[in-house]
$ cat protein05.cif   # mmCIF, C-alpha atoms
data_query
loop_
_atom_site.label_atom_id
_atom_site.label_comp_id
_atom_site.auth_asym_id
_atom_site.auth_seq_id
_atom_site.Cartn_x
_atom_site.Cartn_y
_atom_site.Cartn_z
CA MET A 17 -10.88 -2.69 1.83
CA THR A 18 -14.35 -3.73 0.83
CA ARG A 19 -16.08 -6.79 -0.52
CA ARG A 20 -17.87 -5.75 -3.69
CA THR A 21 -20.94 -7.23 -5.30
CA VAL A 22 -20.17 -9.67 -8.10
CA VAL A 23 -22.07 -8.73 -11.26
CA ARG A 24 -24.07 -11.67 -12.61
CA TYR A 25 -25.01 -12.74 -16.11
CA PRO A 26 -26.85 -11.36 -18.09
CA ASP A 27 -25.83 -7.91 -16.75
CA PRO A 28 -24.74 -5.86 -19.81
CA ARG A 29 -21.68 -4.54 -17.96
CA LEU A 30 -20.11 -7.98 -18.46
CA ARG A 31 -20.18 -7.34 -22.23
CA GLU A 32 -18.39 -3.99 -22.13
CA GLU A 33 -14.76 -3.71 -23.16
CA SER A 34 -12.45 -2.49 -20.41
CA GLU A 35 -10.50 0.73 -20.56
CA ARG A 36 -6.75 0.96 -20.20
CA VAL A 37 -5.56 2.08 -16.77
CA GLU A 38 -3.57 5.30 -17.01
CA GLU A 39 -3.45 6.42 -13.39
CA PHE A 40 -1.59 4.39 -10.80
CA GLY A 41 -1.73 5.29 -7.14
CA PRO A 42 -3.54 4.78 -3.84
CA GLU A 43 -7.05 4.65 -5.37
CA LEU A 44 -6.03 1.85 -7.76
CA ALA A 45 -4.23 -0.01 -4.95
CA ALA A 46 -7.41 0.20 -2.83
CA PHE A 47 -9.46 -1.11 -5.75
CA VAL A 48 -7.07 -4.07 -6.18
CA ASP A 49 -7.43 -4.81 -2.45
CA ASP A 50 -11.22 -4.73 -2.89
CA LEU A 51 -10.97 -7.24 -5.75
CA LEU A 52 -8.87 -9.57 -3.59
CA ASP A 53 -11.23 -9.15 -0.61
CA THR A 54 -14.15 -10.01 -2.90
CA LEU A 55 -12.38 -13.03 -4.42
CA ARG A 56 -11.11 -14.70 -1.23
CA PRO A 57 -14.38 -15.94 0.31
CA THR A 58 -15.83 -17.19 -2.99
CA GLY A 59 -13.55 -20.17 -3.52
CA GLY A 60 -12.74 -18.72 -6.95
CA ILE A 61 -9.30 -18.29 -8.45
CA GLY A 62 -9.68 -15.05 -10.42
CA LEU A 63 -11.74 -11.88 -10.55
CA SER A 64 -11.74 -9.05 -13.07
CA ALA A 65 -12.83 -5.44 -12.68
CA PRO A 66 -15.87 -5.89 -14.99
CA GLN A 67 -17.14 -8.60 -12.63
CA VAL A 68 -17.63 -5.92 -9.99
CA GLY A 69 -19.02 -3.35 -12.42
CA ASP A 70 -15.78 -1.44 -13.07
CA ARG A 71 -14.45 -0.81 -16.59
CA ARG A 72 -10.73 -0.70 -15.78
CA ALA A 73 -8.45 -3.34 -17.35
CA VAL A 74 -7.52 -5.01 -14.06
CA PHE A 75 -7.77 -8.54 -12.75
CA VAL A 76 -6.46 -10.51 -9.82
CA MET A 77 -5.90 -14.22 -9.42
CA ASP A 78 -4.75 -16.49 -6.62
CA LEU A 79 -4.50 -20.22 -7.18
CA SER A 80 -3.01 -21.01 -3.77
CA GLU A 81 -5.07 -23.10 -1.35
CA ASP A 82 -5.02 -20.41 1.35
CA HIS A 83 -5.23 -17.35 -0.95
CA SER A 84 -1.77 -16.23 0.12
CA GLU A 85 -0.23 -15.76 -3.35
CA PRO A 86 -2.28 -13.08 -5.11
CA GLN A 87 -1.20 -11.87 -8.52
CA VAL A 88 -2.30 -8.56 -10.05
CA PHE A 89 -2.48 -7.89 -13.79
CA ILE A 90 -3.19 -4.38 -15.07
CA ASN A 91 -3.54 -3.68 -18.80
CA PRO A 92 -2.66 -7.30 -19.64
CA LYS A 93 -1.79 -8.47 -23.14
CA ILE A 94 -1.28 -12.09 -24.06
CA LEU A 95 1.85 -12.25 -26.20
CA SER A 96 1.85 -15.95 -27.12
CA ARG A 97 -0.22 -19.10 -26.60
CA GLU A 98 0.68 -22.78 -26.92
CA ARG A 99 -0.64 -26.28 -26.17
CA ASP A 100 -4.39 -25.99 -26.65
CA ALA A 101 -6.52 -28.35 -24.57
CA TRP A 102 -10.10 -28.80 -23.43
CA VAL A 103 -10.46 -27.43 -19.88
CA GLU A 104 -13.39 -27.25 -17.49
CA GLU A 105 -14.34 -23.70 -16.55
CA SER A 106 -16.91 -21.90 -14.47
CA CYS A 107 -17.38 -18.28 -13.51
CA LEU A 108 -18.35 -16.32 -10.42
CA SER A 109 -20.60 -14.16 -12.63
CA ILE A 110 -22.42 -17.23 -13.97
CA PRO A 111 -23.01 -19.38 -10.88
CA GLY A 112 -23.98 -22.99 -11.39
CA VAL A 113 -22.76 -23.18 -14.99
CA GLU A 114 -19.70 -25.17 -16.03
CA GLY A 115 -18.39 -26.18 -19.40
CA LYS A 116 -15.40 -27.39 -21.36
CA VAL A 117 -13.67 -24.86 -23.59
CA ILE A 118 -10.44 -24.88 -25.56
CA ARG A 119 -7.68 -22.84 -23.95
CA ALA A 120 -3.92 -22.62 -24.33
CA THR A 121 -2.19 -24.31 -21.40
CA ARG A 122 0.99 -22.29 -21.86
CA LEU A 123 1.25 -18.57 -22.53
CA ARG A 124 3.30 -15.45 -22.12
CA VAL A 125 1.58 -12.33 -20.77
CA ARG A 126 2.72 -8.74 -20.47
CA ALA A 127 1.04 -6.49 -17.89
CA GLN A 128 1.63 -3.77 -15.35
CA ASP A 129 1.71 -4.07 -11.59
CA GLU A 130 0.01 -1.74 -9.09
CA ASP A 131 2.88 0.75 -9.43
CA GLY A 132 2.61 0.84 -13.23
CA GLU A 133 5.78 -1.20 -13.77
CA PHE A 134 5.67 -3.54 -16.77
CA PHE A 135 6.42 -7.22 -16.38
CA GLU A 136 6.25 -10.34 -18.54
CA GLU A 137 5.48 -13.78 -17.22
CA ASP A 138 5.34 -17.29 -18.66
CA LEU A 139 2.43 -19.26 -17.23
CA GLU A 140 1.28 -22.84 -17.60
CA ASP A 141 -1.71 -25.03 -16.92
CA MET A 142 -4.42 -23.51 -14.69
CA TYR A 143 -2.48 -20.23 -14.34
CA ALA A 144 -2.55 -19.84 -18.14
CA VAL A 145 -6.22 -20.81 -18.29
CA CYS A 146 -7.16 -18.30 -15.59
CA VAL A 147 -5.33 -15.45 -17.35
CA GLN A 148 -7.22 -16.18 -20.59
CA HIS A 149 -10.55 -16.36 -18.76
CA GLU A 150 -9.94 -13.00 -17.05
CA VAL A 151 -8.61 -11.32 -20.22
CA ASP A 152 -11.83 -12.46 -21.91
CA HIS A 153 -13.76 -10.58 -19.20
CA LEU A 154 -11.72 -7.46 -19.92
CA GLU A 155 -12.69 -7.80 -23.59
CA GLY A 156 -16.42 -8.28 -22.84
CA ARG A 157 -16.42 -12.04 -23.45
CA LEU A 158 -17.58 -14.84 -21.19
CA PHE A 159 -16.41 -18.44 -21.13
CA ILE A 160 -19.87 -19.57 -22.26
CA ASP A 161 -19.24 -17.71 -25.55
CA ARG A 162 -16.52 -20.28 -26.25
CA LEU A 163 -18.76 -23.32 -25.75
CA PRO A 164 -20.01 -25.29 -28.77
CA PHE A 165 -23.31 -23.86 -30.05
CA VAL A 166 -25.81 -26.27 -28.44
CA LYS A 167 -23.94 -26.32 -25.13
CA ARG A 168 -23.73 -22.51 -25.21
CA LEU A 169 -27.52 -22.23 -25.61
CA ARG A 170 -28.04 -24.70 -22.77
CA ALA A 171 -25.55 -22.79 -20.57
CA GLN A 172 -27.21 -19.45 -21.34
CA ARG A 173 -30.63 -20.85 -20.38
CA GLN A 174 -29.19 -22.31 -17.18
CA ALA A 175 -27.46 -19.00 -16.34
CA LEU A 176 -30.68 -17.02 -16.90
CA ARG A 177 -32.61 -19.46 -14.73
CA SER A 178 -29.97 -19.14 -12.02
CA SER A 179 -29.98 -15.33 -12.19
CA ARG A 180 -33.77 -15.26 -11.81
CA GLU A 181 -33.52 -17.51 -8.75
CA VAL A 182 -30.97 -15.13 -7.24
CA ALA A 183 -33.16 -12.11 -8.02
CA VAL A 184 -35.98 -13.53 -5.91
CA GLY A 185 -33.62 -14.97 -3.28
CA SER A 186 -32.05 -13.46 -0.24
CA ILE A 187 -29.08 -11.65 -1.77
CA GLN A 188 -29.51 -7.93 -1.24
CA GLU A 189 -28.00 -5.07 -3.26
CA GLY A 190 -24.44 -4.55 -2.05
CA ASP A 191 -23.91 -8.08 -0.74
CA ALA A 192 -20.97 -10.00 -2.15
CA ILE A 193 -21.67 -13.54 -3.26
CA ASP A 194 -20.50 -16.61 -1.45
CA SER A 195 -19.93 -19.60 -3.69
CA PRO A 196 -19.02 -23.18 -2.92
CA THR A 197 -15.32 -23.90 -3.28
CA ASP A 198 -14.48 -24.69 -6.89
CA SER A 199 -10.89 -24.33 -8.06
CA SER A 200 -11.97 -23.50 -11.61
CA ARG A 201 -14.10 -20.47 -10.74
CA SER A 202 -12.86 -17.10 -11.87
#
$ encode --input "protein05.cif" --output "structure tokens"
Amino acid sequence: MTRRTVVRYPDPRLREESERVEEFGPELAAFVDDLLDTLRPTGGIGLSAPQVGDRRAVFVMDLSEDHSEPQVFINPKILSRERDAWVEESCLSIPGVEGKVIRATRLRVRAQDEDGEFFEEDLEDMYAVCVQHEVDHLEGRLFIDRLPFVKRLRAQRQALRSSREVAVGSIQEGDAIDSPTDSSRS
């Protein structure tokens, strides 16, 4: 189990569409453990494979206070969405940027677990929001793409400024990020 480096905006890997997972086994299970190990210390609630530079359609989320209730979604597909609302979001790959976007607050998702078994789940509120945020990552989209035009431009400038500060800062290649606790980060 390893903490991986979180890829930061504007890295082009964040814009790549993920590939369907076909092979399930120990290597995938180890990768899922790495995602969870990377997520736990950040204060975030979700992390997708593209956020650590991997193109597999995998994400993890854990909305519990003590990170004791991880959920794994492989090859997820949102089947239905209801109850749109404005929600505040942020992203581990775009530190320091927050914004309100419209998301469904109720949805049904179909995915596979680490063993390749299919499951369907009905989710509400922040669970539903997190799934949509992470599925966007798997499709090469970021939450800032959903912001109104002027706010999106402002967020992009802020994200670029933040990424330049990190580039000249103390984070070395291979270090995972540590972010302040923020329950909306994923």
$ residues_around --input "protein05.cif" --residues "Pro164 (chain A)" --least-positions-apart "4" --cutoff "12 Å" --atoms "all atoms listed in the file" --output "NGL selection string"
:A and (102 or 115-118 or 159-160 or 168-172)
$ write_last_selection --input "protein05.cif" --atoms "C-alpha atoms" --output "compact mmCIF listing (two decimals), keeping the file's coordinate frame"
# COMPACT_ATOMS: atom_id res chain seq x y z
CA TRP A 102 -10.10 -28.80 -23.43
CA GLY A 115 -18.39 -26.18 -19.40
CA LYS A 116 -15.40 -27.39 -21.36
CA VAL A 117 -13.67 -24.86 -23.59
CA ILE A 118 -10.44 -24.88 -25.56
CA PHE A 159 -16.41 -18.44 -21.13
CA ILE A 160 -19.87 -19.57 -22.26
CA ARG A 168 -23.73 -22.51 -25.21
CA LEU A 169 -27.52 -22.23 -25.61
CA ARG A 170 -28.04 -24.70 -22.77
CA ALA A 171 -25.55 -22.79 -20.57
CA GLN A 172 -27.21 -19.45 -21.34
$ resolve_selection --input "protein05.cif" --expression "the PyMOL selection byres ((chain A and resi 127) around 9)" --output "list of chain:residue names"
A:Val88, A:Phe89, A:Ile90, A:Asn91, A:Pro92, A:Lys93, A:Ile94, A:Val125, A:Arg126, A:Gln128, A:Asp129, A:Gly132, A:Glu133, A:Phe134, A:Phe135, A:Glu136, A:Glu137
$ residues_around --input "protein05.cif" --residues "region 45-53 of chain A" --least-positions-apart "3" --cutoff "7 Å" --atoms "all atoms listed in the file" --output "PyMOL selection string"
chain A and resi 17-20+41-42+56+63+76+130
$ write_last_selection --input "protein05.cif" --atoms "C-alpha atoms" --output "PDB file, in the coordinates of the input"
ATOM      1  CA  MET A  17     -10.880  -2.690   1.830  1.00  0.00           C
ATOM      2  CA  THR A  18     -14.350  -3.730   0.830  1.00  0.00           C
ATOM      3  CA  ARG A  19     -16.080  -6.790  -0.520  1.00  0.00           C
ATOM      4  CA  ARG A  20     -17.870  -5.750  -3.690  1.00  0.00           C
ATOM      5  CA  GLY A  41      -1.730   5.290  -7.140  1.00  0.00           C
ATOM      6  CA  PRO A  42      -3.540   4.780  -3.840  1.00  0.00           C
ATOM      7  CA  ARG A  56     -11.110 -14.700  -1.230  1.00  0.00           C
ATOM      8  CA  LEU A  63     -11.740 -11.880 -10.550  1.00  0.00           C
ATOM      9  CA  VAL A  76      -6.460 -10.510  -9.820  1.00  0.00           C
ATOM     10  CA  GLU A 130       0.010  -1.740  -9.090  1.00  0.00           C
TER      11      GLU A 130
END
$ closest_residue --input "protein05.cif" --among "A:Thr21, A:Gln87, A:Ser106, A:Ser64" --to "Glu33 (chain A)" --atoms "all atoms listed in the file"
A:Ser64
$ closest_residue --input "protein05.cif" --among "A:Asp138, A:Leu154, A:Ala144, A:Leu55" --to "Val37 (chain A)" --atoms "all atoms listed in the file"
A:Leu154
$ residues_near_point --input "protein05.cif" --point "(-3.0, -27.4, -23.8)" --cutoff "6 Å" --atoms "all atoms listed in the file" --output "list in words"
Arg99, Asp100, Ala101, Ala120 and Thr121 of chain A
$ atom_distance --input "protein05.cif" --atom1 "CA of Asp131 (chain A)" --atom2 "CA of Ser109 (chain A)"
28.0 Å
$ closest_residue --input "protein05.cif" --among "A:Arg72, A:His83, A:Arg173, A:Arg162" --to "Glu105 (chain A)" --atoms "only C-alpha atoms"
A:Arg162
$ closest_residue --input "protein05.cif" --among "A:Arg97, A:Pro111, A:Gly69, A:Val151" --to "Asp27 (chain A)" --atoms "only C-alpha atoms"
A:Gly69
$ atom_distance --input "protein05.cif" --atom1 "CA of Arg71 (chain A)" --atom2 "CA of Ser34 (chain A)"
4.6 Å
$ closest_residue --input "protein05.cif" --among "A:Phe40, A:Lys167, A:Glu140, A:Gln67" --to "Leu108 (chain A)" --atoms "only C-alpha atoms"
A:Gln67
$ atom_distance --input "protein05.cif" --atom1 "CA of Glu98 (chain A)" --atom2 "CA of Arg122 (chain A)"
5.1 Å
$ closest_residue --input "protein05.cif" --among "A:Arg36, A:Leu44, A:Asp70, A:Arg124" --to "Leu95 (chain A)" --atoms "only C-alpha atoms"
A:Arg124
$ build_atoms --input "protein05.cif" --residues "region 32-43 of chain A" --atoms "all heavy atoms" --output "mmCIF file, in the frame of the given file"
data_model
loop_
_atom_site.group_PDB
_atom_site.id
_atom_site.type_symbol
_atom_site.label_atom_id
_atom_site.label_comp_id
_atom_site.auth_asym_id
_atom_site.auth_seq_id
_atom_site.Cartn_x
_atom_site.Cartn_y
_atom_site.Cartn_z
ATOM 1 N N GLU A 32 -19.102 -5.213 -21.772
ATOM 2 C CA GLU A 32 -18.390 -3.990 -22.130
ATOM 3 C C GLU A 32 -16.884 -4.229 -22.140
ATOM 4 O O GLU A 32 -16.355 -4.937 -21.282
ATOM 5 C CB GLU A 32 -18.722 -2.871 -21.143
ATOM 6 C CG GLU A 32 -20.167 -2.455 -21.190
ATOM 7 C CD GLU A 32 -20.518 -1.426 -20.129
ATOM 8 O OE1 GLU A 32 -19.646 -1.067 -19.307
ATOM 9 O OE2 GLU A 32 -21.676 -0.996 -20.125
ATOM 10 N N GLU A 33 -16.211 -3.610 -23.090
ATOM 11 C CA GLU A 33 -14.760 -3.710 -23.160
ATOM 12 C C GLU A 33 -14.143 -2.791 -22.111
ATOM 13 O O GLU A 33 -14.596 -1.667 -21.912
ATOM 14 C CB GLU A 33 -14.273 -3.338 -24.561
ATOM 15 C CG GLU A 33 -12.877 -3.814 -24.821
ATOM 16 C CD GLU A 33 -12.542 -3.780 -26.305
ATOM 17 O OE1 GLU A 33 -13.421 -4.101 -27.126
ATOM 18 O OE2 GLU A 33 -11.389 -3.437 -26.611
ATOM 19 N N SER A 34 -13.114 -3.274 -21.447
ATOM 20 C CA SER A 34 -12.450 -2.490 -20.410
ATOM 21 C C SER A 34 -11.598 -1.387 -20.999
ATOM 22 O O SER A 34 -11.188 -1.444 -22.152
ATOM 23 C CB SER A 34 -11.579 -3.395 -19.538
ATOM 24 O OG SER A 34 -12.383 -4.310 -18.842
ATOM 25 N N GLU A 35 -11.331 -0.406 -20.163
ATOM 26 C CA GLU A 35 -10.500 0.730 -20.560
ATOM 27 C C GLU A 35 -9.127 0.621 -19.907
ATOM 28 O O GLU A 35 -9.010 0.201 -18.751
ATOM 29 C CB GLU A 35 -11.180 2.033 -20.124
ATOM 30 C CG GLU A 35 -12.513 2.239 -20.812
ATOM 31 C CD GLU A 35 -13.267 3.443 -20.284
ATOM 32 O OE1 GLU A 35 -12.792 4.095 -19.324
ATOM 33 O OE2 GLU A 35 -14.342 3.724 -20.832
ATOM 34 N N ARG A 36 -8.132 1.001 -20.670
ATOM 35 C CA ARG A 36 -6.750 0.960 -20.200
ATOM 36 C C ARG A 36 -6.587 1.829 -18.955
ATOM 37 O O ARG A 36 -7.109 2.943 -18.888
ATOM 38 C CB ARG A 36 -5.844 1.443 -21.325
ATOM 39 C CG ARG A 36 -4.398 1.364 -21.031
ATOM 40 C CD ARG A 36 -3.574 1.654 -22.287
ATOM 41 N NE ARG A 36 -2.173 1.606 -21.966
ATOM 42 C CZ ARG A 36 -1.484 0.483 -21.737
ATOM 43 N NH1 ARG A 36 -2.079 -0.675 -21.849
ATOM 44 N NH2 ARG A 36 -0.202 0.533 -21.433
ATOM 45 N N VAL A 37 -5.864 1.317 -17.975
ATOM 46 C CA VAL A 37 -5.560 2.080 -16.770
ATOM 47 C C VAL A 37 -4.412 3.020 -17.068
ATOM 48 O O VAL A 37 -3.367 2.601 -17.576
ATOM 49 C CB VAL A 37 -5.199 1.134 -15.596
ATOM 50 C CG1 VAL A 37 -4.728 1.928 -14.386
ATOM 51 C CG2 VAL A 37 -6.374 0.238 -15.244
ATOM 52 N N GLU A 38 -4.605 4.289 -16.784
ATOM 53 C CA GLU A 38 -3.570 5.300 -17.010
ATOM 54 C C GLU A 38 -3.037 5.869 -15.701
ATOM 55 O O GLU A 38 -1.917 6.348 -15.649
ATOM 56 C CB GLU A 38 -4.121 6.444 -17.880
ATOM 57 C CG GLU A 38 -4.619 6.011 -19.249
ATOM 58 C CD GLU A 38 -3.528 5.509 -20.191
ATOM 59 O OE1 GLU A 38 -2.334 5.792 -19.943
ATOM 60 O OE2 GLU A 38 -3.875 4.810 -21.169
ATOM 61 N N GLU A 39 -3.857 5.846 -14.667
ATOM 62 C CA GLU A 39 -3.450 6.420 -13.390
ATOM 63 C C GLU A 39 -3.203 5.327 -12.361
ATOM 64 O O GLU A 39 -4.072 4.499 -12.097
ATOM 65 C CB GLU A 39 -4.537 7.368 -12.872
ATOM 66 C CG GLU A 39 -4.682 8.615 -13.717
ATOM 67 C CD GLU A 39 -5.649 9.617 -13.102
ATOM 68 O OE1 GLU A 39 -5.718 9.700 -11.860
ATOM 69 O OE2 GLU A 39 -6.327 10.300 -13.888
ATOM 70 N N PHE A 40 -1.993 5.349 -11.809
ATOM 71 C CA PHE A 40 -1.590 4.390 -10.800
ATOM 72 C C PHE A 40 -1.384 5.149 -9.490
ATOM 73 O O PHE A 40 -0.807 6.224 -9.492
ATOM 74 C CB PHE A 40 -0.297 3.683 -11.216
ATOM 75 C CG PHE A 40 -0.472 2.826 -12.441
ATOM 76 C CD1 PHE A 40 -0.461 3.390 -13.711
ATOM 77 C CD2 PHE A 40 -0.679 1.468 -12.325
ATOM 78 C CE1 PHE A 40 -0.641 2.612 -14.838
ATOM 79 C CE2 PHE A 40 -0.865 0.681 -13.448
ATOM 80 C CZ PHE A 40 -0.845 1.250 -14.710
ATOM 81 N N GLY A 41 -1.883 4.602 -8.415
ATOM 82 C CA GLY A 41 -1.730 5.290 -7.140
ATOM 83 C C GLY A 41 -2.584 4.636 -6.068
ATOM 84 O O GLY A 41 -3.054 3.499 -6.232
ATOM 85 N N PRO A 42 -2.825 5.353 -4.981
ATOM 86 C CA PRO A 42 -3.540 4.780 -3.840
ATOM 87 C C PRO A 42 -4.965 4.314 -4.170
ATOM 88 O O PRO A 42 -5.421 3.302 -3.647
ATOM 89 C CB PRO A 42 -3.583 5.925 -2.819
ATOM 90 C CG PRO A 42 -2.510 6.862 -3.230
ATOM 91 C CD PRO A 42 -2.324 6.699 -4.708
ATOM 92 N N GLU A 43 -5.674 5.046 -5.037
ATOM 93 C CA GLU A 43 -7.050 4.650 -5.370
ATOM 94 C C GLU A 43 -7.055 3.310 -6.110
ATOM 95 O O GLU A 43 -7.880 2.443 -5.828
ATOM 96 C CB GLU A 43 -7.727 5.744 -6.204
ATOM 97 C CG GLU A 43 -9.235 5.578 -6.327
ATOM 98 C CD GLU A 43 -9.661 4.609 -7.425
ATOM 99 O OE1 GLU A 43 -8.941 4.504 -8.434
ATOM 100 O OE2 GLU A 43 -10.701 3.949 -7.249
#
